[in-house]
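Note: the block below is upload.cif and it holds mmCIF, C-alpha atoms.
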data_target
#
loop_
_atom_site.label_atom_id
_atom_site.label_comp_id
_atom_site.auth_asym_id
_atom_site.auth_seq_id
_atom_site.Cartn_x
_atom_site.Cartn_y
_atom_site.Cartn_z
CA MET A 490 85.81 -5.98 20.39
CA ARG A 491 84.40 -9.19 21.87
CA LEU A 492 85.46 -10.02 25.42
CA ASP A 493 87.09 -13.31 24.45
CA LYS A 494 89.21 -11.60 21.76
CA PHE A 495 90.17 -8.92 24.28
CA LEU A 496 91.46 -11.62 26.63
CA CYS A 497 93.41 -13.24 23.81
CA GLU A 498 95.11 -9.93 23.10
CA THR A 499 95.86 -8.89 26.68
CA LEU A 500 96.67 -12.28 28.21
CA GLY A 501 98.14 -14.07 25.19
CA ALA A 502 95.46 -16.72 25.66
CA THR A 503 94.01 -18.97 22.97
CA ARG A 504 90.34 -18.57 22.11
CA SER A 505 89.43 -21.72 24.08
CA GLU A 506 91.47 -20.53 27.09
CA ALA A 507 89.74 -17.15 26.92
CA THR A 508 86.35 -18.89 26.87
CA ARG A 509 87.25 -20.92 29.98
CA ILE A 510 88.40 -17.76 31.79
CA VAL A 511 85.11 -15.99 31.04
CA LYS A 512 83.03 -19.03 32.02
CA SER A 513 84.88 -19.22 35.35
CA GLY A 514 83.00 -16.12 36.48
CA ASN A 515 86.16 -14.26 37.51
CA ILE A 516 85.84 -11.54 34.88
CA THR A 517 84.12 -8.19 35.40
CA VAL A 518 83.41 -5.58 32.72
CA ASN A 519 82.82 -2.12 34.16
CA GLY A 520 82.33 -3.68 37.58
CA VAL A 521 79.76 -6.26 36.47
CA LYS A 522 80.57 -9.97 36.48
CA THR A 523 79.91 -11.74 33.20
CA LYS A 524 80.20 -15.22 31.74
CA VAL A 525 79.31 -14.12 28.21
CA THR A 526 82.24 -14.22 25.78
CA SER A 527 80.50 -11.98 23.24
CA VAL A 528 80.20 -8.99 25.59
CA LYS A 529 81.53 -5.92 23.80
CA VAL A 530 84.66 -4.23 25.16
CA THR A 531 85.40 -0.65 24.10
CA ASP A 532 88.30 1.72 24.74
CA ASP A 533 86.37 3.10 27.71
CA SER A 534 85.67 -0.30 29.29
CA THR A 535 87.33 -1.49 32.48
CA VAL A 536 88.00 -5.23 32.40
CA GLU A 537 89.28 -7.02 35.50
CA LEU A 538 90.37 -10.59 36.16
CA ASP A 539 90.27 -11.51 39.84
CA GLY A 540 90.36 -7.79 40.66
CA ARG A 541 93.35 -7.03 38.41
CA GLU A 542 92.71 -4.63 35.55
CA LEU A 543 93.68 -5.88 32.11
CA LYS A 544 94.98 -3.42 29.56
CA PHE A 545 96.47 -3.41 26.11
CA HIS A 546 100.20 -2.91 26.39
CA GLY A 547 102.23 -0.69 24.15
CA PRO A 548 105.99 -1.16 24.24
CA ARG A 549 107.11 -2.08 27.74
CA TYR A 550 110.30 -0.71 29.31
CA ILE A 551 111.16 -2.26 32.65
CA MET A 552 113.97 -1.68 35.15
CA LEU A 553 114.84 -4.70 37.29
CA PHE A 554 117.23 -4.80 40.24
CA LYS A 555 118.68 -8.21 39.44
CA PRO A 556 119.78 -10.24 42.46
CA ASP A 557 122.52 -12.85 42.54
CA GLY A 558 121.57 -16.32 41.29
CA TYR A 559 119.29 -15.40 38.37
CA VAL A 560 120.09 -15.70 34.67
CA CYS A 561 119.18 -13.24 31.93
CA SER A 562 117.64 -15.81 29.61
CA HIS A 563 114.25 -17.43 29.21
CA GLU A 564 115.45 -20.90 30.17
CA ASP A 565 118.34 -22.39 32.15
CA SER A 566 118.73 -25.89 33.53
CA THR A 567 120.47 -24.74 36.72
CA HIS A 568 119.29 -21.26 37.66
CA PRO A 569 115.93 -19.46 37.52
CA SER A 570 115.31 -16.82 34.86
CA ALA A 571 115.14 -13.21 36.02
CA LEU A 572 111.85 -13.07 34.11
CA THR A 573 110.27 -15.17 36.88
CA LEU A 574 110.59 -12.09 39.08
CA LEU A 575 108.07 -10.22 36.91
CA ASP A 576 104.35 -10.32 37.67
CA GLU A 577 103.35 -9.45 34.11
CA VAL A 578 101.20 -10.83 31.31
CA ASN A 579 102.83 -12.12 28.11
CA VAL A 580 106.22 -12.49 29.76
CA ASP A 581 107.32 -14.70 26.87
CA LYS A 582 107.19 -11.62 24.61
CA LEU A 583 109.76 -9.77 26.74
CA HIS A 584 113.52 -9.95 26.31
CA PHE A 585 116.63 -8.60 28.02
CA ALA A 586 118.24 -5.46 26.61
CA GLY A 587 121.70 -6.60 27.63
CA ARG A 588 122.45 -9.48 29.96
CA LEU A 589 124.21 -9.91 33.27
CA ASP A 590 126.05 -13.01 34.47
CA VAL A 591 124.29 -15.19 37.03
CA ASP A 592 126.52 -13.87 39.86
CA THR A 593 126.34 -10.20 38.77
CA THR A 594 123.78 -7.93 40.40
CA GLY A 595 122.24 -4.61 39.46
CA LEU A 596 120.47 -2.85 36.63
CA VAL A 597 118.79 -5.00 33.98
CA LEU A 598 116.48 -3.57 31.32
CA ILE A 599 113.64 -5.70 29.95
CA THR A 600 111.43 -4.82 26.99
CA ASP A 601 109.38 -6.02 24.05
CA ASP A 602 110.71 -3.20 21.85
CA GLY A 603 113.40 -4.73 19.64
CA GLN A 604 114.55 -1.44 18.12
CA TRP A 605 115.05 0.11 21.56
CA SER A 606 117.07 -2.84 22.85
CA HIS A 607 119.21 -2.85 19.68
CA LYS A 608 120.21 0.75 20.40
CA ILE A 609 121.42 -0.42 23.82
CA THR A 610 123.25 -3.59 22.80
CA SER A 611 124.73 -2.72 19.38
CA PRO A 612 128.46 -1.89 19.68
CA LYS A 613 128.00 0.73 16.95
CA ARG A 614 125.72 2.73 19.25
CA LYS A 615 128.38 2.87 22.00
CA CYS A 616 125.79 2.82 24.79
CA SER A 617 127.78 3.08 28.01
CA LYS A 618 127.43 0.67 30.93
CA THR A 619 128.88 1.43 34.36
CA TYR A 620 129.86 -1.31 36.80
CA ARG A 621 131.01 -1.32 40.40
CA VAL A 622 133.88 -3.81 40.52
CA TRP A 623 135.62 -5.52 43.43
CA LEU A 624 138.97 -7.13 42.56
CA ASP A 625 140.88 -9.92 44.26
CA GLU A 626 144.25 -8.16 44.00
CA PRO A 627 145.20 -4.47 44.42
CA ILE A 628 144.33 -2.07 41.61
CA GLY A 629 147.33 -1.65 39.33
CA ALA A 630 148.78 1.83 38.87
CA ASP A 631 148.57 1.42 35.09
CA TYR A 632 145.04 -0.01 34.92
CA ALA A 633 143.33 3.25 33.99
CA GLU A 634 145.76 3.88 31.15
CA GLN A 635 145.52 0.35 29.78
CA LEU A 636 141.72 0.34 29.96
CA ALA A 637 141.59 3.67 28.14
CA GLU A 638 143.83 2.31 25.36
CA GLY A 639 141.84 -0.93 25.02
CA ILE A 640 142.43 -4.47 26.28
CA GLN A 641 143.29 -7.49 24.18
CA LEU A 642 140.88 -10.20 25.27
CA LYS A 643 141.60 -13.85 24.76
CA SER A 644 140.09 -15.22 21.53
CA GLU A 645 139.24 -11.69 20.29
CA THR A 646 140.79 -10.20 17.15
CA GLY A 647 140.91 -6.56 18.27
CA LEU A 648 141.13 -4.41 21.37
CA THR A 649 138.15 -3.47 23.47
CA MET A 650 136.73 0.01 23.06
CA PRO A 651 138.24 2.63 25.40
CA ALA A 652 136.95 2.31 28.96
CA THR A 653 137.16 4.67 31.90
CA MET A 654 138.03 3.72 35.47
CA GLU A 655 137.53 5.51 38.77
CA ILE A 656 138.88 4.20 42.07
CA VAL A 657 136.19 4.10 44.79
CA ASN A 658 138.06 2.45 47.65
CA GLU A 659 141.66 1.45 47.07
CA ASP A 660 141.87 -0.48 50.35
CA GLU A 661 138.90 -2.64 49.24
CA ASN A 662 140.14 -2.93 45.61
CA GLU A 663 136.85 -1.29 44.60
CA LEU A 664 136.39 0.77 41.44
CA LEU A 665 133.87 2.00 38.88
CA LEU A 666 134.34 0.91 35.28
CA THR A 667 132.43 2.33 32.31
CA ILE A 668 132.52 0.41 29.03
CA GLN A 669 130.81 0.92 25.69
CA GLU A 670 130.35 -2.71 24.70
CA GLY A 671 128.74 -5.85 26.04
CA LYS A 672 130.98 -8.74 25.10
CA TYR A 673 130.60 -12.10 26.82
CA HIS A 674 131.92 -11.81 30.41
CA GLN A 675 133.68 -8.66 29.24
CA VAL A 676 134.50 -6.99 32.57
CA LYS A 677 135.79 -10.23 34.08
CA ARG A 678 137.87 -10.96 30.98
CA MET A 679 139.31 -7.44 30.90
CA PHE A 680 140.68 -7.69 34.41
CA ALA A 681 141.83 -11.26 33.83
CA ALA A 682 143.88 -9.89 30.93
CA LEU A 683 145.40 -7.42 33.41
CA GLY A 684 146.36 -10.29 35.71
CA ASN A 685 143.61 -9.77 38.27
CA LYS A 686 140.30 -11.42 39.15
CA VAL A 687 136.84 -9.93 39.63
CA GLU A 688 135.40 -10.97 42.99
CA GLY A 689 132.20 -8.91 42.82
CA LEU A 690 130.34 -7.14 40.03
CA HIS A 691 127.32 -4.81 40.08
CA ARG A 692 125.89 -2.79 37.17
CA SER A 693 124.76 0.65 38.31
CA GLN A 694 124.01 2.50 35.08
CA ILE A 695 123.12 2.04 31.40
CA GLY A 696 123.38 5.08 29.15
CA GLY A 697 121.87 8.03 31.00
CA LEU A 698 119.82 5.85 33.37
CA GLY A 699 120.99 4.83 36.82
CA LEU A 700 119.54 2.03 38.93
CA ASP A 701 116.72 3.16 41.20
CA TYR A 702 117.98 2.12 44.63
CA SER A 703 114.54 2.52 46.16
CA LEU A 704 114.05 -0.93 44.62
CA GLU A 705 115.15 -3.96 46.58
CA PRO A 706 116.99 -6.80 44.81
CA GLY A 707 114.37 -8.72 42.84
CA GLU A 708 112.00 -5.74 42.52
CA TYR A 709 111.18 -3.88 39.32
CA ARG A 710 109.24 -0.96 37.93
CA TYR A 711 108.30 0.53 34.57
CA LEU A 712 110.43 3.32 33.14
CA THR A 713 108.95 6.71 32.44
CA ALA A 714 109.06 7.92 28.84
CA GLU A 715 111.89 10.27 29.81
CA GLU A 716 113.90 7.45 31.38
CA ALA A 717 113.43 5.18 28.37
CA GLU A 718 114.80 7.96 26.17
CA ALA A 719 117.67 8.71 28.57
CA VAL A 720 118.99 5.16 28.23
CA ILE A 721 119.69 5.57 24.53
CA SER A 722 120.49 9.28 24.37
CA LYS A 723 123.82 9.16 26.19
#
Kindly transcribe the structure held in the file into structure tokens.
Amino acid sequence: MRLDKFLCETLGATRSEATRIVKSGNITVNGVKTKVTSVKVTDDSTVELDGRELKFHGPRYIMLFKPDGYVCSHEDSTHPSALTLLDEVNVDKLHFAGRLDVDTTGLVLITDDGQWSHKITSPKRKCSKTYRVWLDEPIGADYAEQLAEGIQLKSETGLTMPATMEIVNEDENELLLTIQEGKYHQVKRMFAALGNKVEGLHRSQIGGLGLDYSLEPGEYRYLTAEEAEAVISK
């Protein structure tokens, strides 16, 4: 493959942009600087741009520790996209496998594999999501029972799928909630229907994958093949 075509594939650049990059003199092939766009690149070649190795990407599976104040969309007029936290090529080809509200923190999965993300977000797949929830008012004695039976949300025709609740700290109105859906503002709406208000919300787990707390808010890493499978196998 020609070097300029390789850059188009790995960087998402146009042919003219790839030519400009090569002519800038910042490209090395197997450690040798080149300004020749027709240089051949093979599977064994090492191509670097400003010291950063460029590679063909297969499907990408990324875990992000989303901080407060970022939106899970490509564009927003008020808040920055969580995608701006990624130092990756072809970011425009990535999408969120389930979103979090701007003020909700925790585990966000990002990918360019549409089939994988569908298995996470489709209600039919019943992929569980676990949240740490802080409520404004005390936890009701009947909350666990009502959540297990399903909650009637405003403007919805049916009940939510059964959810499980575990009290973490009753004095702090703190609990863990596991749901099997991803409706718009679902956790907040569920507790609003119970006459309470969510003051803080943090997603800690999706399917069989928990958030890696060695990450700081705003940091990310790639999933292993085993982790990517664990998300959709539970």
Practice item. Point out the residue among A:Ile516, A:Ala652, A:Leu690, A:Leu700 with the least atom-to-atom distance to A:His674, counting all atoms listed in the file. Key: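 Selected residue with least distance to A:His674: A:Leu690.
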Check your understanding: Which is closest to A:Tyr702 among A:Leu543, A:Met654, A:Leu596, A:Ala586, if we use all atoms listed in the file?
Key ->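 Under the stated criterion, the closest residue is A:Leu596.
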Exercise for review: Would you list the contacts of A:Glu537 as a ChimeraX atom specification, taking every protein, DNA or RNA residue within 10 Å and counting all atoms listed in the file, but skipping same-chain residues closer than 6 positions in sequence?
Suggested key: /A:515-522,543-544
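Near A:Leu712, within 12 Å and counting only C-alpha atoms, sit Pro548, Arg549, Tyr550, Ile551, Met552, Leu553, Val597, Leu598, Ile599, Thr600, Leu698, Gly699, Leu700, Asp701, Tyr709, Glu715, Glu716, Ala717, Glu718, Ala719 and Val720 of chain A, not including residues fewer than 3 positions from it in the same chain.
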Check your understanding: atom CA of A:Thr593 and atom CA of A:Gly558, how far apart in Å?
Key -> 8.2 Å
Review point. Hey, what's within 7 Å of stretch 635-645 of chain A if we count only C-alpha atoms and toss same-chain stuff fewer than 6 positions away? As a list of chain:residue names, please?
Key: A:Pro651, A:Ala652, A:Thr653, A:Arg678, A:Met679, A:Ala682
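In this structure, atom CA of A:Val578 sits 26.9 Å away from atom CA of A:Asp592.
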Exercise for review: Can you turn the PyMOL selection byres ((chain A and resi 610-620) around 10) into a concrete residue list for this file, as a ChimeraX atom specification?
Suggested key: /A:585-588,593-596,605-609,621-623,650,652-654,664-672,676,689-699,720-723
Point to revise | Chain and number of each residue from the PyMOL selection byres ((chain A and resi 532) around 10), as a PyMOL selection string | key: chain A and resi 490+530-531+533-535+544-545
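The list of residues within 6 Å of (140.5, -7.2, 47.4), counted using all atoms listed in the file, is A:Leu624, A:Asp625, A:Glu626, A:Glu661, A:Asn662.
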Check your understanding: At what distance in Å, to one decimal, does atom CA of A:Asp590 lie from atom CA of A:Val560?
Key ->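 Distance between the two atoms: 6.5 Å.
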Practice item. Considering only C-alpha atoms, return as a list in words whatever protein or nucleic-acid residues lie within 7 Å of stretch 501-512 of chain A, sequence-local ones (same chain, fewer than 5 positions apart) excluded. Key: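 With the cut-off at 7 Å, the set is Asp493, Leu496, Lys524, Val525, Thr526 and Asn579 of chain A.
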Using 8 Å of padding on each side, determine the axis-aligned box around all atoms of stretch 569-577 of chain A present in the file and give its centre and edge lengths in Å to one decimal, as AutoDock Vina command-line options.
--center_x 109.6 --center_y -14.5 --center_z 36.6 --size_x 28.6 --size_y 26.0 --size_z 21.0
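The nearest approach to A:Val687 among the residues A:Phe495, A:Ser703, A:Glu659, A:Pro627, with all atoms listed in the file taken into account, belongs to A:Pro627.
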Review point. If the PyMOL selection byres ((chain A and resi 572) around 10) is run on the structure shown, which residues does it catch, given as a PyMOL selection string?
Key: chain A and resi 553+555+559-564+569-571+573-577+580-581+583-585+599
I need the residues from that last selection saved to file as a compact mmCIF listing (two decimals), in the coordinates of the input (with C-alpha atoms), if you can.
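To be explicit, this is the file written out as selection.txt:
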# COMPACT_ATOMS: atom_id res chain seq x y z
CA LEU A 553 114.84 -4.70 37.29
CA LYS A 555 118.68 -8.21 39.44
CA TYR A 559 119.29 -15.40 38.37
CA VAL A 560 120.09 -15.70 34.67
CA CYS A 561 119.18 -13.24 31.93
CA SER A 562 117.64 -15.81 29.61
CA HIS A 563 114.25 -17.43 29.21
CA GLU A 564 115.45 -20.90 30.17
CA PRO A 569 115.93 -19.46 37.52
CA SER A 570 115.31 -16.82 34.86
CA ALA A 571 115.14 -13.21 36.02
CA THR A 573 110.27 -15.17 36.88
CA LEU A 574 110.59 -12.09 39.08
CA LEU A 575 108.07 -10.22 36.91
CA ASP A 576 104.35 -10.32 37.67
CA GLU A 577 103.35 -9.45 34.11
CA VAL A 580 106.22 -12.49 29.76
CA ASP A 581 107.32 -14.70 26.87
CA LEU A 583 109.76 -9.77 26.74
CA HIS A 584 113.52 -9.95 26.31
CA PHE A 585 116.63 -8.60 28.02
CA ILE A 599 113.64 -5.70 29.95
